$ cat work_21.tsv   # TSV, C-alpha atoms
chain	number	residue	atom	x	y	z
A	1	MET	CA	-95.07	-60.41	-37.10
A	2	ALA	CA	-93.84	-63.47	-35.21
A	3	ARG	CA	-90.58	-64.93	-36.46
A	4	ARG	CA	-91.02	-67.99	-38.65
A	5	SER	CA	-88.82	-71.02	-38.16
A	6	GLN	CA	-85.90	-71.19	-40.55
A	7	PRO	CA	-85.21	-74.81	-41.48
A	8	ASN	CA	-82.07	-75.77	-43.38
A	9	ASN	CA	-80.20	-78.85	-44.51
A	10	THR	CA	-77.63	-78.74	-41.70
A	11	PRO	CA	-79.48	-79.43	-38.45
A	12	GLU	CA	-76.16	-80.19	-36.73
A	13	ASP	CA	-75.11	-76.55	-37.19
A	14	ILE	CA	-78.37	-75.42	-35.58
A	15	ARG	CA	-77.88	-77.85	-32.72
A	16	GLN	CA	-74.41	-76.49	-32.03
A	17	SER	CA	-75.68	-72.91	-32.08
A	18	LEU	CA	-78.41	-73.89	-29.62
A	19	VAL	CA	-75.87	-75.50	-27.30
A	20	ASP	CA	-73.73	-72.35	-27.37
A	21	LEU	CA	-76.73	-70.19	-26.52
A	22	LEU	CA	-77.69	-72.38	-23.57
A	23	ILE	CA	-74.14	-72.47	-22.25
A	24	ASN	CA	-73.93	-68.68	-22.37
A	25	PHE	CA	-77.29	-68.46	-20.64
A	26	SER	CA	-75.65	-69.69	-17.45
A	27	GLU	CA	-74.30	-66.18	-16.96
A	28	GLU	CA	-77.78	-64.68	-17.28
A	29	LEU	CA	-79.07	-66.97	-14.51
A	30	LYS	CA	-76.71	-65.26	-12.10
A	31	GLN	CA	-78.40	-61.91	-12.71
A	32	ASP	CA	-81.50	-60.54	-10.95
A	33	ASN	CA	-83.07	-58.94	-14.03
A	34	LEU	CA	-85.99	-61.19	-15.02
A	35	ARG	CA	-86.60	-59.53	-18.35
A	36	ALA	CA	-82.96	-59.87	-19.33
A	37	LYS	CA	-83.23	-63.62	-18.73
A	38	VAL	CA	-86.36	-63.88	-20.84
A	39	VAL	CA	-84.88	-61.84	-23.69
A	40	ALA	CA	-81.72	-63.94	-23.60
A	41	LEU	CA	-83.79	-67.11	-24.03
A	42	VAL	CA	-85.64	-65.89	-27.11
A	43	PRO	CA	-82.82	-66.78	-29.56
A	44	ALA	CA	-82.59	-70.25	-28.02
A	45	PHE	CA	-86.34	-70.69	-28.43
A	46	HIS	CA	-86.08	-69.73	-32.11
A	47	LYS	CA	-83.11	-72.05	-32.64
A	48	LEU	CA	-85.01	-74.96	-31.12
A	49	ARG	CA	-87.88	-74.41	-33.55
A	50	ASP	CA	-85.40	-74.12	-36.41
A	51	LEU	CA	-83.88	-77.45	-35.35
A	52	GLY	CA	-87.22	-79.23	-35.19
A	53	SER	CA	-88.30	-77.95	-38.61
A	54	SER	CA	-84.93	-79.00	-40.09
A	55	LEU	CA	-85.36	-82.68	-39.21
A	56	ILE	CA	-87.17	-83.12	-42.54
A	57	PRO	CA	-85.06	-81.64	-45.37
A	58	PRO	CA	-86.53	-78.38	-46.73
A	59	ASP	CA	-86.26	-79.58	-50.31
A	60	GLU	CA	-88.61	-82.46	-49.41
A	61	ALA	CA	-91.06	-80.42	-47.33
A	62	PRO	CA	-90.61	-76.65	-47.64
A	63	SER	CA	-93.61	-75.53	-45.54
A	64	ALA	CA	-94.93	-76.39	-42.07
A	65	ARG	CA	-97.95	-78.09	-43.62
A	66	ASP	CA	-95.70	-80.16	-45.88
A	67	ARG	CA	-93.58	-81.22	-42.92
A	68	ILE	CA	-96.62	-82.32	-40.93
A	69	ILE	CA	-98.00	-84.58	-43.65
A	70	ALA	CA	-94.54	-85.89	-44.51
A	71	TYR	CA	-94.09	-86.89	-40.87
A	72	LEU	CA	-97.53	-88.51	-40.63
A	73	GLN	CA	-96.96	-90.43	-43.86
A	74	GLN	CA	-93.90	-92.05	-42.35
A	75	TYR	CA	-96.04	-93.41	-39.50
A	76	PRO	CA	-99.51	-94.29	-40.89
A	77	GLN	CA	-102.11	-95.80	-38.55
A	78	THR	CA	-99.88	-94.81	-35.64
A	79	VAL	CA	-100.92	-92.60	-32.73
A	80	ILE	CA	-98.92	-89.36	-32.98
A	81	ASP	CA	-98.81	-86.75	-30.21
A	82	GLY	CA	-99.62	-83.17	-31.10
A	83	ASP	CA	-96.28	-82.14	-29.56
A	84	GLU	CA	-94.50	-84.16	-32.25
A	85	LEU	CA	-96.32	-82.21	-34.97
A	86	MET	CA	-95.47	-78.98	-33.17
A	87	VAL	CA	-91.76	-79.88	-33.30
A	88	VAL	CA	-91.55	-80.90	-36.96
A	89	SER	CA	-93.78	-78.03	-38.12
A	90	GLY	CA	-91.74	-75.39	-36.32
A	91	ILE	CA	-94.83	-73.21	-35.79
A	92	SER	CA	-97.27	-72.55	-32.97
A	93	GLU	CA	-100.35	-72.84	-35.21
A	94	TRP	CA	-99.65	-76.41	-36.23
A	95	ALA	CA	-103.20	-77.54	-35.28
A	96	ARG	CA	-104.64	-75.22	-37.94
A	97	ARG	CA	-102.36	-76.80	-40.53
A	98	VAL	CA	-103.61	-80.24	-39.52
A	99	ARG	CA	-107.16	-79.08	-40.10
A	100	GLU	CA	-106.19	-77.65	-43.52
A	101	LEU	CA	-104.64	-80.99	-44.47
A	102	ARG	CA	-107.85	-82.73	-43.49
A	103	VAL	CA	-110.37	-80.26	-44.92
A	104	GLN	CA	-108.72	-78.63	-47.92
A	105	PHE	CA	-106.36	-81.37	-49.02
A	106	GLY	CA	-108.26	-84.56	-48.23
A	107	TRP	CA	-105.91	-86.36	-45.85
A	108	TRP	CA	-107.66	-88.84	-43.54
A	109	ILE	CA	-106.25	-87.53	-40.25
A	110	TYR	CA	-108.36	-88.59	-37.26
A	111	SER	CA	-108.13	-86.79	-33.92
A	112	GLY	CA	-108.37	-88.43	-30.52
A	113	VAL	CA	-111.74	-86.73	-30.05
A	114	THR	CA	-113.18	-88.52	-33.08
A	115	PHE	CA	-111.81	-91.89	-31.98
A	116	ARG	CA	-113.52	-91.55	-28.61
A	117	GLN	CA	-116.81	-90.63	-30.29
A	118	MET	CA	-116.60	-93.63	-32.61
A	119	ALA	CA	-115.90	-95.88	-29.62
A	120	GLN	CA	-119.58	-95.56	-28.68
A	121	ASN	CA	-120.11	-98.45	-31.09
A	122	PRO	CA	-118.50	-101.63	-29.67
A	123	ASP	CA	-117.92	-102.96	-33.19
A	124	ASP	CA	-115.69	-100.00	-34.01
A	125	ILE	CA	-113.61	-100.55	-30.87
A	126	SER	CA	-112.58	-104.04	-31.98
A	127	ALA	CA	-111.80	-102.81	-35.50
A	128	PHE	CA	-109.46	-100.12	-34.20
A	129	GLU	CA	-107.84	-102.47	-31.69
A	130	ALA	CA	-107.08	-104.81	-34.60
A	131	ILE	CA	-104.72	-102.16	-36.00
A	132	GLY	CA	-103.23	-101.36	-32.61
A	133	ILE	CA	-105.30	-98.31	-31.61
A	134	ASP	CA	-107.30	-98.19	-28.40
A	135	PRO	CA	-109.98	-95.53	-29.02
A	136	LEU	CA	-110.88	-95.47	-25.32
A	137	ARG	CA	-107.39	-94.43	-24.23
A	138	ILE	CA	-106.32	-92.10	-27.01
A	139	LYS	CA	-105.96	-88.45	-25.97
A	140	PRO	CA	-107.77	-85.51	-27.62
A	141	ASP	CA	-104.48	-83.99	-28.87
A	142	GLN	CA	-103.29	-87.17	-30.55
A	143	TYR	CA	-103.69	-87.88	-34.26
A	144	VAL	CA	-103.65	-90.82	-36.66
A	145	LEU	CA	-103.20	-90.78	-40.43
A	146	MET	CA	-105.60	-93.54	-41.46
A	147	ARG	CA	-104.40	-93.89	-45.05
A	148	THR	CA	-101.39	-92.61	-46.97
A	149	GLU	CA	-103.22	-91.51	-50.12
A	150	GLN	CA	-105.09	-88.23	-50.51
A	151	ASP	CA	-108.86	-88.25	-50.91
A	152	ARG	CA	-108.99	-85.69	-53.71
A	153	GLU	CA	-112.78	-85.35	-53.57
A	154	ALA	CA	-112.76	-84.52	-49.86
A	155	ALA	CA	-112.60	-80.75	-50.38
A	156	LEU	CA	-115.79	-80.85	-52.46
A	157	ARG	CA	-117.52	-82.89	-49.77
A	158	TRP	CA	-116.52	-80.41	-47.10
A	159	ASN	CA	-118.39	-77.66	-48.94
A	160	ILE	CA	-121.53	-79.79	-48.74
A	161	LEU	CA	-120.68	-80.67	-45.14
A	162	ASN	CA	-120.56	-77.04	-44.03
A	163	GLU	CA	-123.83	-76.27	-45.78
A	164	ILE	CA	-125.63	-79.08	-43.94
A	165	ARG	CA	-123.85	-78.39	-40.65
A	166	ARG	CA	-125.34	-74.90	-40.48
A	167	LYS	CA	-128.92	-76.15	-40.82
A	168	LYS	CA	-131.18	-75.99	-37.76
A	169	ILE	CA	-132.18	-79.65	-37.87
A	170	ALA	CA	-131.53	-82.72	-35.71
A	171	THR	CA	-128.13	-84.39	-35.84
A	172	LYS	CA	-129.56	-87.60	-37.26
A	173	ASP	CA	-131.24	-85.63	-40.07
A	174	LYS	CA	-127.93	-83.93	-40.88
A	175	LEU	CA	-126.17	-87.29	-41.00
A	176	ILE	CA	-128.61	-88.98	-43.36
A	177	GLU	CA	-128.79	-85.90	-45.60
A	178	TYR	CA	-125.01	-85.95	-45.94
A	179	PHE	CA	-124.96	-89.70	-46.62
A	180	ARG	CA	-127.67	-89.32	-49.28
A	181	LYS	CA	-125.61	-86.68	-51.05
A	182	ASN	CA	-122.68	-89.11	-51.07
A	183	VAL	CA	-124.22	-92.48	-51.96
A	184	GLY	CA	-121.52	-95.09	-52.52
A	185	VAL	CA	-118.77	-92.73	-51.32
A	186	GLN	CA	-116.41	-93.55	-48.48
A	187	VAL	CA	-117.11	-91.01	-45.72
A	188	THR	CA	-114.73	-90.68	-42.78
A	189	GLY	CA	-115.60	-90.53	-39.12
A	190	GLU	CA	-113.79	-87.20	-38.95
A	191	GLU	CA	-116.27	-85.74	-41.46
A	192	LEU	CA	-119.25	-87.01	-39.49
A	193	SER	CA	-117.81	-85.72	-36.23
A	194	TYR	CA	-117.45	-82.25	-37.72
A	195	LEU	CA	-120.94	-82.43	-39.21
A	196	ALA	CA	-122.46	-83.25	-35.82
A	197	GLY	CA	-120.83	-80.21	-34.18
A	198	ASN	CA	-121.01	-80.45	-30.40
A	199	THR	CA	-123.04	-83.66	-30.43
A	200	LYS	CA	-120.79	-86.43	-29.11
A	201	GLU	CA	-123.17	-89.27	-29.91
A	202	TRP	CA	-123.10	-89.03	-33.70
A	203	ALA	CA	-121.67	-92.57	-34.00
A	204	ARG	CA	-124.66	-93.90	-32.10
A	205	ARG	CA	-127.00	-91.96	-34.40
A	206	VAL	CA	-125.34	-93.52	-37.45
A	207	ARG	CA	-125.90	-96.95	-35.92
A	208	GLU	CA	-129.58	-96.09	-35.36
A	209	LEU	CA	-129.95	-95.03	-38.98
A	210	ARG	CA	-128.74	-98.47	-40.00
A	211	THR	CA	-130.30	-100.75	-37.40
A	212	GLU	CA	-133.57	-98.95	-36.65
A	213	GLU	CA	-134.35	-97.03	-39.82
A	214	GLY	CA	-132.97	-99.45	-42.39
A	215	TRP	CA	-130.49	-97.26	-44.23
A	216	PRO	CA	-127.77	-99.48	-45.77
A	217	ILE	CA	-124.82	-97.78	-44.06
A	218	VAL	CA	-121.94	-100.22	-43.88
A	219	THR	CA	-118.51	-100.36	-42.23
A	220	LYS	CA	-115.67	-102.81	-42.13
A	221	ASN	CA	-117.25	-104.57	-39.16
A	222	THR	CA	-120.77	-104.83	-40.61
A	223	GLY	CA	-120.00	-106.81	-43.73
A	224	ARG	CA	-117.69	-104.68	-45.90
A	225	GLU	CA	-114.27	-106.14	-45.25
A	226	ASP	CA	-112.88	-104.13	-48.15
A	227	LEU	CA	-113.44	-100.83	-46.33
A	228	PRO	CA	-110.78	-99.10	-44.23
A	229	VAL	CA	-111.35	-98.90	-40.50
A	230	GLY	CA	-113.35	-95.84	-39.44
A	231	VAL	CA	-115.09	-95.34	-42.79
A	232	TYR	CA	-118.82	-95.40	-43.56
A	233	VAL	CA	-120.65	-95.95	-46.87
A	234	LEU	CA	-124.34	-95.54	-47.70
A	235	GLU	CA	-124.56	-98.23	-50.36
A	236	GLU	CA	-127.91	-97.25	-51.84
A	237	ASP	CA	-130.38	-94.39	-51.40
A	238	ARG	CA	-133.25	-96.45	-50.05
A	239	GLN	CA	-134.33	-97.92	-46.75
A	240	ALA	CA	-134.67	-101.64	-46.10
A	241	PRO	CA	-138.16	-103.04	-45.45
A	242	PRO	CA	-139.07	-102.93	-41.73
A	243	HIS	CA	-138.65	-106.69	-41.27
A	244	ASP	CA	-135.05	-106.53	-42.53
A	245	ARG	CA	-134.00	-103.82	-40.07
A	246	LYS	CA	-133.76	-105.95	-36.95
A	247	ILE	CA	-131.18	-108.49	-38.12
A	248	PRO	CA	-128.38	-108.44	-35.49
A	249	ASP	CA	-124.97	-107.51	-36.87
A	250	PRO	CA	-123.29	-110.79	-35.78
A	251	ILE	CA	-125.95	-112.75	-37.69
A	252	ARG	CA	-125.60	-110.46	-40.71
A	253	VAL	CA	-121.83	-110.90	-40.83
A	254	ALA	CA	-122.05	-114.67	-40.28
A	255	VAL	CA	-124.42	-115.07	-43.25
A	256	LEU	CA	-122.21	-112.96	-45.50
A	257	GLU	CA	-119.15	-114.97	-44.52
A	258	ARG	CA	-120.97	-118.27	-45.05
A	259	ASP	CA	-122.04	-117.17	-48.55
A	260	HIS	CA	-118.54	-115.84	-49.33
A	261	TYR	CA	-119.83	-112.28	-49.69
A	262	SER	CA	-121.58	-113.26	-52.93
A	263	CYS	CA	-125.15	-113.48	-54.18
A	264	VAL	CA	-126.27	-117.11	-53.93
A	265	ARG	CA	-128.44	-116.71	-57.06
A	266	CYS	CA	-126.24	-114.96	-59.61
A	267	GLY	CA	-122.82	-115.13	-57.96
A	268	TRP	CA	-122.29	-111.36	-58.00
A	269	ASN	CA	-119.97	-109.78	-55.44
A	270	ARG	CA	-118.35	-106.37	-55.02
A	271	SER	CA	-115.23	-107.37	-56.94
A	272	LYS	CA	-117.47	-107.47	-60.05
A	273	MET	CA	-118.98	-104.02	-59.51
A	274	ILE	CA	-119.04	-101.78	-62.60
A	275	LYS	CA	-120.78	-98.48	-63.12
A	276	GLU	CA	-123.29	-99.74	-65.70
A	277	ASP	CA	-124.37	-102.80	-63.68
A	278	PRO	CA	-127.50	-102.20	-61.52
A	279	ARG	CA	-126.13	-104.63	-58.93
A	280	LYS	CA	-124.58	-102.37	-56.30
A	281	MET	CA	-124.89	-104.08	-52.91
A	282	LEU	CA	-125.53	-107.30	-51.03
A	283	GLU	CA	-128.65	-107.77	-48.91
A	284	LEU	CA	-130.00	-110.53	-46.71
A	285	HIS	CA	-133.16	-112.40	-47.75
A	286	HIS	CA	-135.46	-114.44	-45.52
A	287	LYS	CA	-135.91	-117.92	-47.02
A	288	LYS	CA	-139.14	-118.24	-45.06
A	289	HIS	CA	-140.63	-114.78	-45.30
A	290	HIS	CA	-140.87	-112.73	-42.15
A	291	ALA	CA	-144.62	-112.34	-42.69
A	292	ASP	CA	-144.96	-116.14	-42.64
A	293	GLY	CA	-143.12	-116.48	-39.35
A	294	GLY	CA	-139.56	-116.62	-40.63
A	295	ASP	CA	-137.06	-115.45	-38.07
A	296	ASN	CA	-133.74	-113.62	-38.21
A	297	THR	CA	-131.51	-116.66	-37.87
A	298	GLU	CA	-128.48	-117.67	-39.90
A	299	GLU	CA	-130.33	-120.74	-41.17
A	300	ASN	CA	-133.26	-118.68	-42.49
A	301	LEU	CA	-131.17	-116.02	-44.21
A	302	GLU	CA	-129.24	-115.97	-47.46
A	303	THR	CA	-127.21	-113.38	-49.34
A	304	LEU	CA	-128.67	-111.78	-52.46
A	305	CYS	CA	-127.58	-108.85	-54.57
A	306	ASN	CA	-130.04	-105.96	-54.68
A	307	VAL	CA	-131.32	-107.01	-58.14
A	308	CYS	CA	-132.05	-110.61	-57.13
A	309	HIS	CA	-133.59	-109.36	-53.91
A	310	ASP	CA	-135.92	-107.08	-55.85
A	311	ILE	CA	-137.05	-110.08	-57.90
A	312	GLU	CA	-137.97	-111.83	-54.65
A	313	HIS	CA	-139.82	-108.73	-53.41
A	314	PRO	CA	-141.27	-106.99	-56.47
A	315	GLY	CA	-142.63	-103.54	-55.81
A	316	ARG	CA	-140.89	-103.09	-52.47
$ encode --input "work_21.tsv" --output "structure tokens"
Amino acid sequence: MARRSQPNNTPEDIRQSLVDLLINFSEELKQDNLRAKVVALVPAFHKLRDLGSSLIPPDEAPSARDRIIAYLQQYPQTVIDGDELMVVSGISEWARRVRELRVQFGWWIYSGVTFRQMAQNPDDISAFEAIGIDPLRIKPDQYVLMRTEQDREAALRWNILNEIRRKKIATKDKLIEYFRKNVGVQVTGEELSYLAGNTKEWARRVRELRTEEGWPIVTKNTGREDLPVGVYVLEEDRQAPPHDRKIPDPIRVAVLERDHYSCVRCGWNRSKMIKEDPRKMLELHHKKHHADGGDNTEENLETLCNVCHDIEHPGR
């Protein structure tokens, strides 16, 4: 069994031991025996891992997984190199621990791969740049902790995720099935990336579900300012009428901002959302109906809650 790192509360002692080992190694370099040199370096290699894993006190983070999340929590929404996590974890299988933190423990840790996939949507690029992350330049082995609190329901969602992921159906069908099993729930881009498997264009498929098929999937940049960056929510399990599916996102956001993200009829907004209230989302309504020649302009649109919108379109 490979030797585990041995962190302690006196990293200076480990540093001094490492220095002594490296100084003594100068004698080994004078020898011709390659294996002797390699064997002589093994203790130094172990001491270096011990030093890295001792940078966070063991009583605060006793395991490699604990050290990784403790480190990430100190630098939220900051691009962290995988090599940094390797150092503080003190183990070679640190990437597996990152995945466990994400899957089993519900930490929103995004990889560089996911950021690049999400960058297929221009709106997401600007949202990430607003918090200092360039999704087009981030490397695959870099990571970002997107929020400092655990998502304690994430592990349950990952069971559903794996079940859908194994199905022999199109990526877009997998995505909408997962959204429909999690109506009103904040779903991360990392979840959707995993669900899509080897398909790199899942972010584009999500956009198509919203703009072409009328599913009310919202993000921070499409009218839900309360959402974290890189998160998706299917607000209701129903598709918009065909004429409401072609409203450009800039127009949609402009109307919501003009109406202060509130229903112009009843005044409802998301800050008033309660479980028993049937009002769950905001929708855009054509003042002059689309069938009568009304167009998708800011002047012809107003914000209604789903209840008031249903009154305008009974039986839809």
$ closest_residue --input "work_21.tsv" --among "A:Arg252, A:Asn182, A:Asn221, A:Thr148" --to "Gln74 of chain A" --atoms "all atoms listed in the file"
A:Thr148
$ atom_distance --input "work_21.tsv" --atom1 "atom CA of Thr211 of chain A" --atom2 "atom CA of Gln239 of chain A"
10.6 Å
$ axis_aligned_box --input "work_21.tsv" --around "segment 140-154 of chain A" --padding-each-side "6 Å" --output "AutoDock Vina command-line options"
--center_x -107.1 --center_y -88.9 --center_z -40.7 --size_x 23.4 --size_y 21.9 --size_z 38.1
$ atom_distance --input "work_21.tsv" --atom1 "atom CA of Ser126 of chain A" --atom2 "atom CA of Pro248 of chain A"
16.8 Å
$ closest_residue --input "work_21.tsv" --among "A:Gly197, A:Glu225, A:Cys308, A:Lys220" --to "Cys263 of chain A" --atoms "only C-alpha atoms"
A:Cys308
$ residues_around --input "work_21.tsv" --residues "Leu51 of chain A" --least-positions-apart "4" --cutoff "8 Å" --atoms "only C-alpha atoms" --output "PyMOL selection string"
chain A and resi 7+11+14-15+47+55
$ closest_residue --input "work_21.tsv" --among "A:Ile251, A:Ala64, A:Leu18, A:Val185" --to "Tyr232 of chain A" --atoms "all atoms listed in the file"
A:Val185
$ closest_atom_pairs --input "work_21.tsv" --of "segment 175-219 of chain A" --to "segment 95-118 of chain A" --cutoff "8 Å" --atoms "all atoms listed in the file" --output "Markdown table"
| residue | atom | partner | partner_atom | distance |
| --- | --- | --- | --- | --- |
| A:Thr188 | CA | A:Trp108 | CA | 7.3 |
| A:Gly189 | CA | A:Thr114 | CA | 6.8 |
| A:Glu190 | CA | A:Tyr110 | CA | 5.9 |
| A:Ser193 | CA | A:Thr114 | CA | 6.3 |
| A:Lys200 | CA | A:Gln117 | CA | 5.9 |
| A:Glu201 | CA | A:Gln117 | CA | 6.5 |
| A:Trp202 | CA | A:Gln117 | CA | 7.3 |
| A:Ala203 | CA | A:Met118 | CA | 5.4 |
$ residues_around --input "work_21.tsv" --residues "Gly52 of chain A" --least-positions-apart "3" --cutoff "12 Å" --atoms "all atoms listed in the file" --output "PyMOL selection string"
chain A and resi 5-12+14-15+18+45-49+55-58+64+67-68+71+83-91
$ atom_distance --input "work_21.tsv" --atom1 "atom CA of Arg166 of chain A" --atom2 "atom CA of Leu234 of chain A"
21.9 Å
$ closest_residue --input "work_21.tsv" --among "A:Gln120, A:Glu191, A:Asn159, A:Thr303" --to "Gly267 of chain A" --atoms "only C-alpha atoms"
A:Thr303
$ residues_around --input "work_21.tsv" --residues "Asn306 of chain A" --least-positions-apart "4" --cutoff "7 Å" --atoms "all atoms listed in the file" --output "NGL selection string"
:A and (279-283 or 310)
$ residues_around --input "work_21.tsv" --residues "His286 of chain A" --least-positions-apart "5" --cutoff "8 Å" --atoms "all atoms listed in the file" --output "CSV table (one decimal) with C-alpha atoms, in the frame of the given file"
chain,number,residue,atom,x,y,z
A,294,GLY,CA,-139.6,-116.6,-40.6
A,295,ASP,CA,-137.1,-115.4,-38.1
A,296,ASN,CA,-133.7,-113.6,-38.2
A,300,ASN,CA,-133.3,-118.7,-42.5
A,301,LEU,CA,-131.2,-116.0,-44.2
A,302,GLU,CA,-129.2,-116.0,-47.5
$ build_atoms --input "work_21.tsv" --residues "segment 90-102 of chain A" --atoms "N, CA and C atoms" --output "PDB file, keeping the file's coordinate frame"
ATOM      1  N   GLY A  90     -92.490 -76.590 -36.659  1.00  0.00           N
ATOM      2  CA  GLY A  90     -91.740 -75.390 -36.320  1.00  0.00           C
ATOM      3  C   GLY A  90     -92.611 -74.161 -36.137  1.00  0.00           C
ATOM      4  N   ILE A  91     -93.933 -74.353 -35.965  1.00  0.00           N
ATOM      5  CA  ILE A  91     -94.830 -73.210 -35.790  1.00  0.00           C
ATOM      6  C   ILE A  91     -95.768 -73.466 -34.626  1.00  0.00           C
ATOM      7  N   SER A  92     -96.334 -72.396 -34.081  1.00  0.00           N
ATOM      8  CA  SER A  92     -97.270 -72.550 -32.970  1.00  0.00           C
ATOM      9  C   SER A  92     -98.669 -72.894 -33.436  1.00  0.00           C
ATOM     10  N   GLU A  93     -99.008 -72.587 -34.686  1.00  0.00           N
ATOM     11  CA  GLU A  93    -100.350 -72.840 -35.210  1.00  0.00           C
ATOM     12  C   GLU A  93    -100.421 -74.142 -35.995  1.00  0.00           C
ATOM     13  N   TRP A  94     -99.697 -75.137 -35.527  1.00  0.00           N
ATOM     14  CA  TRP A  94     -99.650 -76.410 -36.230  1.00  0.00           C
ATOM     15  C   TRP A  94    -101.020 -77.079 -36.306  1.00  0.00           C
ATOM     16  N   ALA A  95    -101.879 -76.894 -35.280  1.00  0.00           N
ATOM     17  CA  ALA A  95    -103.200 -77.540 -35.280  1.00  0.00           C
ATOM     18  C   ALA A  95    -104.047 -77.033 -36.452  1.00  0.00           C
ATOM     19  N   ARG A  96    -103.902 -75.765 -36.791  1.00  0.00           N
ATOM     20  CA  ARG A  96    -104.640 -75.220 -37.940  1.00  0.00           C
ATOM     21  C   ARG A  96    -104.171 -75.870 -39.226  1.00  0.00           C
ATOM     22  N   ARG A  97    -102.880 -76.141 -39.327  1.00  0.00           N
ATOM     23  CA  ARG A  97    -102.360 -76.800 -40.530  1.00  0.00           C
ATOM     24  C   ARG A  97    -102.876 -78.220 -40.634  1.00  0.00           C
ATOM     25  N   VAL A  98    -103.039 -78.893 -39.498  1.00  0.00           N
ATOM     26  CA  VAL A  98    -103.610 -80.240 -39.520  1.00  0.00           C
ATOM     27  C   VAL A  98    -105.027 -80.195 -40.066  1.00  0.00           C
ATOM     28  N   ARG A  99    -105.789 -79.214 -39.616  1.00  0.00           N
ATOM     29  CA  ARG A  99    -107.160 -79.080 -40.100  1.00  0.00           C
ATOM     30  C   ARG A  99    -107.169 -78.781 -41.600  1.00  0.00           C
ATOM     31  N   GLU A 100    -106.257 -77.942 -42.077  1.00  0.00           N
ATOM     32  CA  GLU A 100    -106.190 -77.650 -43.520  1.00  0.00           C
ATOM     33  C   GLU A 100    -105.880 -78.921 -44.303  1.00  0.00           C
ATOM     34  N   LEU A 101    -104.976 -79.730 -43.791  1.00  0.00           N
ATOM     35  CA  LEU A 101    -104.640 -80.990 -44.470  1.00  0.00           C
ATOM     36  C   LEU A 101    -105.863 -81.883 -44.571  1.00  0.00           C
ATOM     37  N   ARG A 102    -106.675 -81.876 -43.525  1.00  0.00           N
ATOM     38  CA  ARG A 102    -107.850 -82.730 -43.490  1.00  0.00           C
ATOM     39  C   ARG A 102    -108.974 -82.170 -44.362  1.00  0.00           C
TER      40      ARG A 102
END
